[in-house]
Amino acid sequence: MINDFYDILNTLGYHHPFHPTEVHMPIGLVVGALILALVALIFRRDRLLLTPRYLIILAFLWVFPTMLLGIMDWQHFYGGAFILPFKVKLITAPILTVLLGLAVFLGRRYGSTSMKVLPVYFLCFCAVVVLGYFGGQLTYSGRTISGPEKYMTGQKIFSAYCTTCHPGGGNTLAPDKPLLHSPLLKNQEFFNMWIRHPASPMPAFPPEKISDAQARDLYDYISHVIMGK
Ligand code: HEC
């Protein structure tokens with residue numbers, strides 16, 4: 001079902017994860033709310049607290065689709081691999097949701113311009129910093145080595161599915177098992193067998209995810225560009 005969703009996006013020409021497009025909303029809204037609330041506190045302008053209240057309500061509503069798309073991206077692009085950044089995010093995102101809900105509730109209870117919600121805004125801010133940090137780690141740790149134009153298709157598949165764990169041909173989860181000089185890259189059959197049935201925690205990539213033709217492009221890219229054959 002999840003793969004169908006991404007297949008439709010693919011046919012429309014969209015190949016990227018979806019979560020990054022949504023995540024800036026709750027993050028920006030929470031940071032904005034805290035800044036405005038602090039200005040209200042410093043300059044003693046209670047009425048300025050009205051805007052952060054609306055920002056927090058919007059962040060609370062936006063956090064649900066953002067989490068859903070995050071889980072879908074995690075399943076599709078990372079094979080649901082249970083690695084540290086995802087563990088942290090899976091814990092912190094529900095905490096943020098509860099904190100946002102609490103902020104919305106307290107605002108209703110004490111009135112929109114009450115300073116009592118400020119500590120909760122601050123805790124929401126801390127949660128988005130943690131989420132943003134680990135999201136950034138997932139996005140930017142993946143360096144993809146560029147090669148000649150003819151390996152571009154394989155390079156795209158590599159950056160979509162492999163770079164996070166194998167940046168530059170290394171291995172972030174098992175540093176003693178880098179792609180470089182791996183015996184499993186000796187030929188296409190070994191390679192296909194491995195990506196279809198790898199050892200955990202590497203997720204499997206069945207033909208629905210990476211077709212045989214794509215596996216050939218991927219193998220060409222890895223063996224020529226990363227291994228520099
Ligand atoms: C979630 C992290 C993760 C992703 C994503 C991932 N791998 Fe791996 N990969 C690993 C881990 C961990 C190992 C070591 C497994 C073991 O043998 O213990 C590994 C091992 C390998 C090896 C064998 C290295 C050796 O000699 O032992 C190859 C080849 C490989 N991966 C290719 C790929 C390709 C191609 C992709 C993308 C289609 C990919 N991997 C995606 C984590 C990942």
# chains A, B, ... in the order shown; residues from 1 in each chain; ligands from 1

call {"tool": "residues_around", "arguments": {"residues": "Leu106 (chain A)", "least_positions_apart": "2", "cutoff": "12 Å", "atoms": "only C-alpha atoms", "output": "ChimeraX atom specification"}}
result
/A:53,56-57,99-104,108-121

call {"tool": "write_last_selection", "arguments": {"atoms": "N, CA and C atoms", "output": "compact mmCIF listing (two decimals), in the first residue's frame"}}
result
# COMPACT_ATOMS: atom_id res chain seq x y z
N ARG A 53 -0.07 31.53 20.48
CA ARG A 53 -1.13 30.55 20.75
C ARG A 53 -1.66 29.96 19.45
N ILE A 56 0.90 27.67 17.83
CA ILE A 56 0.99 26.36 18.48
C ILE A 56 -0.19 25.47 18.08
N ILE A 57 -1.38 26.06 17.94
CA ILE A 57 -2.54 25.26 17.51
C ILE A 57 -2.28 24.69 16.11
N LEU A 99 3.16 17.47 24.20
CA LEU A 99 3.47 18.82 24.69
C LEU A 99 2.65 19.88 23.95
N LEU A 100 2.52 19.71 22.63
CA LEU A 100 1.72 20.67 21.86
C LEU A 100 0.26 20.63 22.31
N GLY A 101 -0.23 19.39 22.52
CA GLY A 101 -1.61 19.23 23.00
C GLY A 101 -1.79 19.90 24.36
N LEU A 102 -0.76 19.73 25.20
CA LEU A 102 -0.82 20.34 26.54
C LEU A 102 -0.83 21.87 26.44
N ALA A 103 0.00 22.40 25.53
CA ALA A 103 0.05 23.86 25.35
C ALA A 103 -1.31 24.38 24.88
N VAL A 104 -1.93 23.65 23.94
CA VAL A 104 -3.25 24.07 23.44
C VAL A 104 -4.26 24.03 24.59
N ARG A 108 -6.27 27.24 26.64
CA ARG A 108 -7.73 27.30 26.77
C ARG A 108 -8.12 27.50 28.23
N ARG A 109 -7.40 26.81 29.08
CA ARG A 109 -7.76 26.81 30.50
C ARG A 109 -7.43 28.15 31.18
N TYR A 110 -6.22 28.66 30.91
CA TYR A 110 -5.79 29.89 31.61
C TYR A 110 -6.01 31.15 30.80
N GLY A 111 -6.52 31.02 29.58
CA GLY A 111 -6.71 32.20 28.74
C GLY A 111 -5.53 32.34 27.79
N SER A 112 -5.85 32.87 26.59
CA SER A 112 -4.87 32.90 25.52
C SER A 112 -3.64 33.73 25.85
N THR A 113 -3.77 34.71 26.76
CA THR A 113 -2.64 35.61 27.01
C THR A 113 -1.96 35.30 28.34
N SER A 114 -2.15 34.07 28.83
CA SER A 114 -1.49 33.72 30.10
C SER A 114 -0.04 33.32 29.86
N MET A 115 0.83 33.75 30.78
CA MET A 115 2.26 33.41 30.66
C MET A 115 2.53 31.97 31.13
N LYS A 116 1.50 31.34 31.69
CA LYS A 116 1.71 30.02 32.29
C LYS A 116 2.12 28.95 31.25
N VAL A 117 1.77 29.19 29.98
CA VAL A 117 2.09 28.17 28.95
C VAL A 117 3.55 28.25 28.49
N LEU A 118 4.22 29.33 28.86
CA LEU A 118 5.58 29.56 28.35
C LEU A 118 6.54 28.39 28.56
N PRO A 119 6.57 27.78 29.78
CA PRO A 119 7.49 26.64 29.95
C PRO A 119 7.18 25.51 28.97
N VAL A 120 5.89 25.31 28.65
CA VAL A 120 5.54 24.24 27.71
C VAL A 120 6.03 24.59 26.30
N TYR A 121 5.91 25.88 25.92
CA TYR A 121 6.46 26.29 24.61
C TYR A 121 7.94 25.96 24.57

call {"tool": "closest_atom_pairs", "arguments": {"of": "region 103-163 of chain A", "to": "region 216-226 of chain A", "cutoff": "12 Å", "atoms": "only C-alpha atoms", "output": "CSV"}}
result
residue,atom,partner,partner_atom,distance
A:Arg143,CA,A:Ile226,CA,11.5
A:Thr144,CA,A:Ile226,CA,9.1
A:Ile145,CA,A:Ile226,CA,6.9
A:Ser146,CA,A:Val225,CA,7.4
A:Gly147,CA,A:Val225,CA,5.6
A:Pro148,CA,A:Val225,CA,8.1
A:Glu149,CA,A:Tyr221,CA,10.4
A:Lys150,CA,A:Tyr221,CA,8.8
A:Tyr151,CA,A:Tyr221,CA,5.2
A:Met152,CA,A:Tyr221,CA,7.7
A:Thr153,CA,A:Asp217,CA,6.3
A:Gly154,CA,A:Leu218,CA,4.0
A:Gln155,CA,A:Tyr221,CA,6.0
A:Lys156,CA,A:Leu218,CA,8.5
A:Ile157,CA,A:Leu218,CA,6.4
A:Phe158,CA,A:Leu218,CA,6.5
A:Ser159,CA,A:Leu218,CA,10.1
A:Ala160,CA,A:Leu218,CA,11.0
A:Tyr161,CA,A:Leu218,CA,10.2
A:Cys162,CA,A:Leu218,CA,9.9
A:Thr163,CA,A:Ile222,CA,11.2

call {"tool": "residues_near_ligand", "arguments": {"ligand": "ligand 1", "cutoff": "8 Å", "atoms": "only C-alpha atoms and all ligand atoms", "output": "PyMOL selection string"}}
result
chain A and resi 77-83+157-158+160-166+171-174+176-185+191+194-195+198-203+205+210+218-219+222

call {"tool": "closest_residue", "arguments": {"among": "A:Ala59, A:Leu138, A:Phe105, A:Asn192", "to": "Ala204 (chain A)", "atoms": "only C-alpha atoms"}}
result
A:Asn192

call {"tool": "atom_distance", "arguments": {"atom1": "CA of Leu96 (chain A)", "atom2": "CA of Cys124 (chain A)"}}
result
5.8 Å

call {"tool": "atom_distance", "arguments": {"atom1": "CA of Pro207 (chain A)", "atom2": "CA of Asn3 (chain A)"}}
result
11.7 Å

call {"tool": "closest_residue", "arguments": {"among": "A:Ile42, A:Val98, A:Ala33, A:Met227", "to": "Leu55 (chain A)", "atoms": "only C-alpha atoms"}}
result
A:Ala33

call {"tool": "residues_around", "arguments": {"residues": "Val88 (chain A)", "least_positions_apart": "2", "cutoff": "12 Å", "atoms": "only C-alpha atoms", "output": "ChimeraX atom specification"}}
result
/A:82-86,90-95,127-135,137-138

call {"tool": "write_last_selection", "arguments": {"atoms": "C-alpha atoms", "output": "PDB file, in the first residue's frame"}}
result
ATOM      1  CA  PHE A  82      15.556   0.341  13.420  1.00  0.00           C
ATOM      2  CA  ILE A  83      18.651   2.535  13.758  1.00  0.00           C
ATOM      3  CA  LEU A  84      19.423   5.233  16.335  1.00  0.00           C
ATOM      4  CA  PRO A  85      18.136   8.378  14.553  1.00  0.00           C
ATOM      5  CA  PHE A  86      14.789   6.665  13.930  1.00  0.00           C
ATOM      6  CA  LEU A  90       9.970   7.663  17.188  1.00  0.00           C
ATOM      7  CA  ILE A  91      10.203   8.596  20.883  1.00  0.00           C
ATOM      8  CA  THR A  92      10.545  12.377  20.556  1.00  0.00           C
ATOM      9  CA  ALA A  93       7.739  12.960  18.024  1.00  0.00           C
ATOM     10  CA  PRO A  94       4.969  11.584  20.316  1.00  0.00           C
ATOM     11  CA  ILE A  95       6.465  13.615  23.201  1.00  0.00           C
ATOM     12  CA  ALA A 127      11.717  18.571  21.302  1.00  0.00           C
ATOM     13  CA  VAL A 128      11.875  20.131  17.807  1.00  0.00           C
ATOM     14  CA  VAL A 129      15.627  20.757  18.250  1.00  0.00           C
ATOM     15  CA  VAL A 130      16.167  17.037  18.976  1.00  0.00           C
ATOM     16  CA  LEU A 131      13.917  16.002  16.060  1.00  0.00           C
ATOM     17  CA  GLY A 132      15.594  18.457  13.697  1.00  0.00           C
ATOM     18  CA  TYR A 133      19.074  17.360  14.734  1.00  0.00           C
ATOM     19  CA  PHE A 134      18.454  13.675  14.043  1.00  0.00           C
ATOM     20  CA  GLY A 135      16.499  14.431  10.873  1.00  0.00           C
ATOM     21  CA  GLN A 137      21.801  13.584  10.530  1.00  0.00           C
ATOM     22  CA  LEU A 138      19.751  11.236   8.357  1.00  0.00           C
TER      23      LEU A 138
END

call {"tool": "closest_residue", "arguments": {"among": "A:Thr97, A:Cys126, A:Thr11, A:Tyr6", "to": "Leu61 (chain A)", "atoms": "only C-alpha atoms"}}
result
A:Thr97

call {"tool": "select_by_dssp", "arguments": {"residues": "region 54-214 of chain A", "states": "helix (DSSP H, G or I)", "output": "ChimeraX atom specification"}}
result
/A:54-78,84-110,115-140,149-161,167-169,183-185,188-196,212-214

call {"tool": "residues_around", "arguments": {"residues": "Glu208 (chain A)", "least_positions_apart": "5", "cutoff": "12 Å", "atoms": "only C-alpha atoms", "output": "list in words"}}
result
Met1, Ile2, Asn3, Asp4, Tyr6, Asp7, His76, Arg196, Ala213, Gln214 and Ala215 of chain A

call {"tool": "decode", "arguments": {"residues": "region 178-201 of chain A", "atoms": "N, CA, C and O atoms", "output": "compact mmCIF listing (two decimals), in the first residue's frame"}}
result
# COMPACT_ATOMS: atom_id res chain seq x y z
N PRO A 178 32.34 -2.31 4.99
CA PRO A 178 32.05 -1.28 3.98
C PRO A 178 31.75 -1.92 2.63
O PRO A 178 32.04 -3.10 2.42
N LEU A 179 31.17 -1.12 1.74
CA LEU A 179 30.91 -1.63 0.39
C LEU A 179 32.22 -1.84 -0.34
O LEU A 179 32.37 -2.77 -1.12
N LEU A 180 33.15 -0.92 -0.09
CA LEU A 180 34.43 -0.98 -0.78
C LEU A 180 35.06 -2.35 -0.57
O LEU A 180 35.18 -2.81 0.57
N HIS A 181 35.45 -2.97 -1.64
CA HIS A 181 36.13 -4.27 -1.63
C HIS A 181 35.26 -5.39 -1.06
O HIS A 181 35.77 -6.43 -0.67
N SER A 182 33.93 -5.20 -1.00
CA SER A 182 33.09 -6.27 -0.50
C SER A 182 33.08 -7.43 -1.50
O SER A 182 32.89 -7.22 -2.70
N PRO A 183 33.26 -8.66 -1.01
CA PRO A 183 33.22 -9.81 -1.92
C PRO A 183 31.85 -9.96 -2.59
O PRO A 183 31.73 -10.59 -3.64
N LEU A 184 30.83 -9.35 -1.97
CA LEU A 184 29.48 -9.47 -2.53
C LEU A 184 29.29 -8.62 -3.78
O LEU A 184 28.25 -8.67 -4.42
N LEU A 185 30.30 -7.83 -4.09
CA LEU A 185 30.18 -7.00 -5.29
C LEU A 185 30.99 -7.61 -6.44
O LEU A 185 31.22 -6.96 -7.43
N LYS A 186 31.38 -8.87 -6.24
CA LYS A 186 32.21 -9.51 -7.26
C LYS A 186 31.46 -9.61 -8.59
O LYS A 186 32.01 -9.37 -9.64
N ASN A 187 30.20 -10.01 -8.51
CA ASN A 187 29.40 -10.01 -9.74
C ASN A 187 27.94 -9.70 -9.43
O ASN A 187 27.54 -9.65 -8.28
N GLN A 188 27.20 -9.51 -10.53
CA GLN A 188 25.80 -9.07 -10.39
C GLN A 188 24.95 -10.07 -9.60
O GLN A 188 24.11 -9.66 -8.79
N GLU A 189 25.18 -11.39 -9.79
CA GLU A 189 24.35 -12.37 -9.09
C GLU A 189 24.52 -12.29 -7.58
O GLU A 189 23.55 -12.26 -6.82
N PHE A 190 25.79 -12.22 -7.14
CA PHE A 190 26.06 -12.10 -5.70
C PHE A 190 25.37 -10.86 -5.14
O PHE A 190 24.76 -10.88 -4.09
N PHE A 191 25.53 -9.78 -5.92
CA PHE A 191 24.98 -8.50 -5.48
C PHE A 191 23.45 -8.58 -5.33
O PHE A 191 22.90 -8.21 -4.30
N ASN A 192 22.78 -9.12 -6.38
CA ASN A 192 21.32 -9.23 -6.33
C ASN A 192 20.88 -10.10 -5.15
O ASN A 192 19.93 -9.76 -4.43
N MET A 193 21.59 -11.21 -4.96
CA MET A 193 21.22 -12.11 -3.88
C MET A 193 21.30 -11.39 -2.54
O MET A 193 20.43 -11.53 -1.69
N TRP A 194 22.33 -10.57 -2.41
CA TRP A 194 22.52 -9.84 -1.16
C TRP A 194 21.43 -8.80 -0.91
O TRP A 194 20.83 -8.78 0.15
N ILE A 195 21.15 -7.97 -1.92
CA ILE A 195 20.16 -6.92 -1.64
C ILE A 195 18.74 -7.49 -1.47
O ILE A 195 17.93 -6.91 -0.77
N ARG A 196 18.48 -8.67 -2.05
CA ARG A 196 17.16 -9.30 -1.84
C ARG A 196 17.09 -9.98 -0.47
O ARG A 196 16.06 -9.99 0.18
N HIS A 197 18.22 -10.55 -0.03
CA HIS A 197 18.23 -11.25 1.27
C HIS A 197 19.47 -10.88 2.07
O HIS A 197 20.36 -11.72 2.26
N PRO A 198 19.55 -9.65 2.57
CA PRO A 198 20.77 -9.25 3.29
C PRO A 198 20.73 -9.72 4.75
O PRO A 198 19.70 -10.23 5.21
N ALA A 199 21.86 -9.54 5.44
CA ALA A 199 21.88 -9.83 6.87
C ALA A 199 21.38 -8.60 7.62
O ALA A 199 21.71 -7.48 7.24
N SER A 200 20.61 -8.83 8.66
CA SER A 200 20.08 -7.73 9.48
C SER A 200 21.26 -6.98 10.12
O SER A 200 22.27 -7.61 10.43
N PRO A 201 21.20 -5.68 10.36
CA PRO A 201 20.05 -4.79 10.22
C PRO A 201 19.89 -4.16 8.84
O PRO A 201 19.09 -3.25 8.69
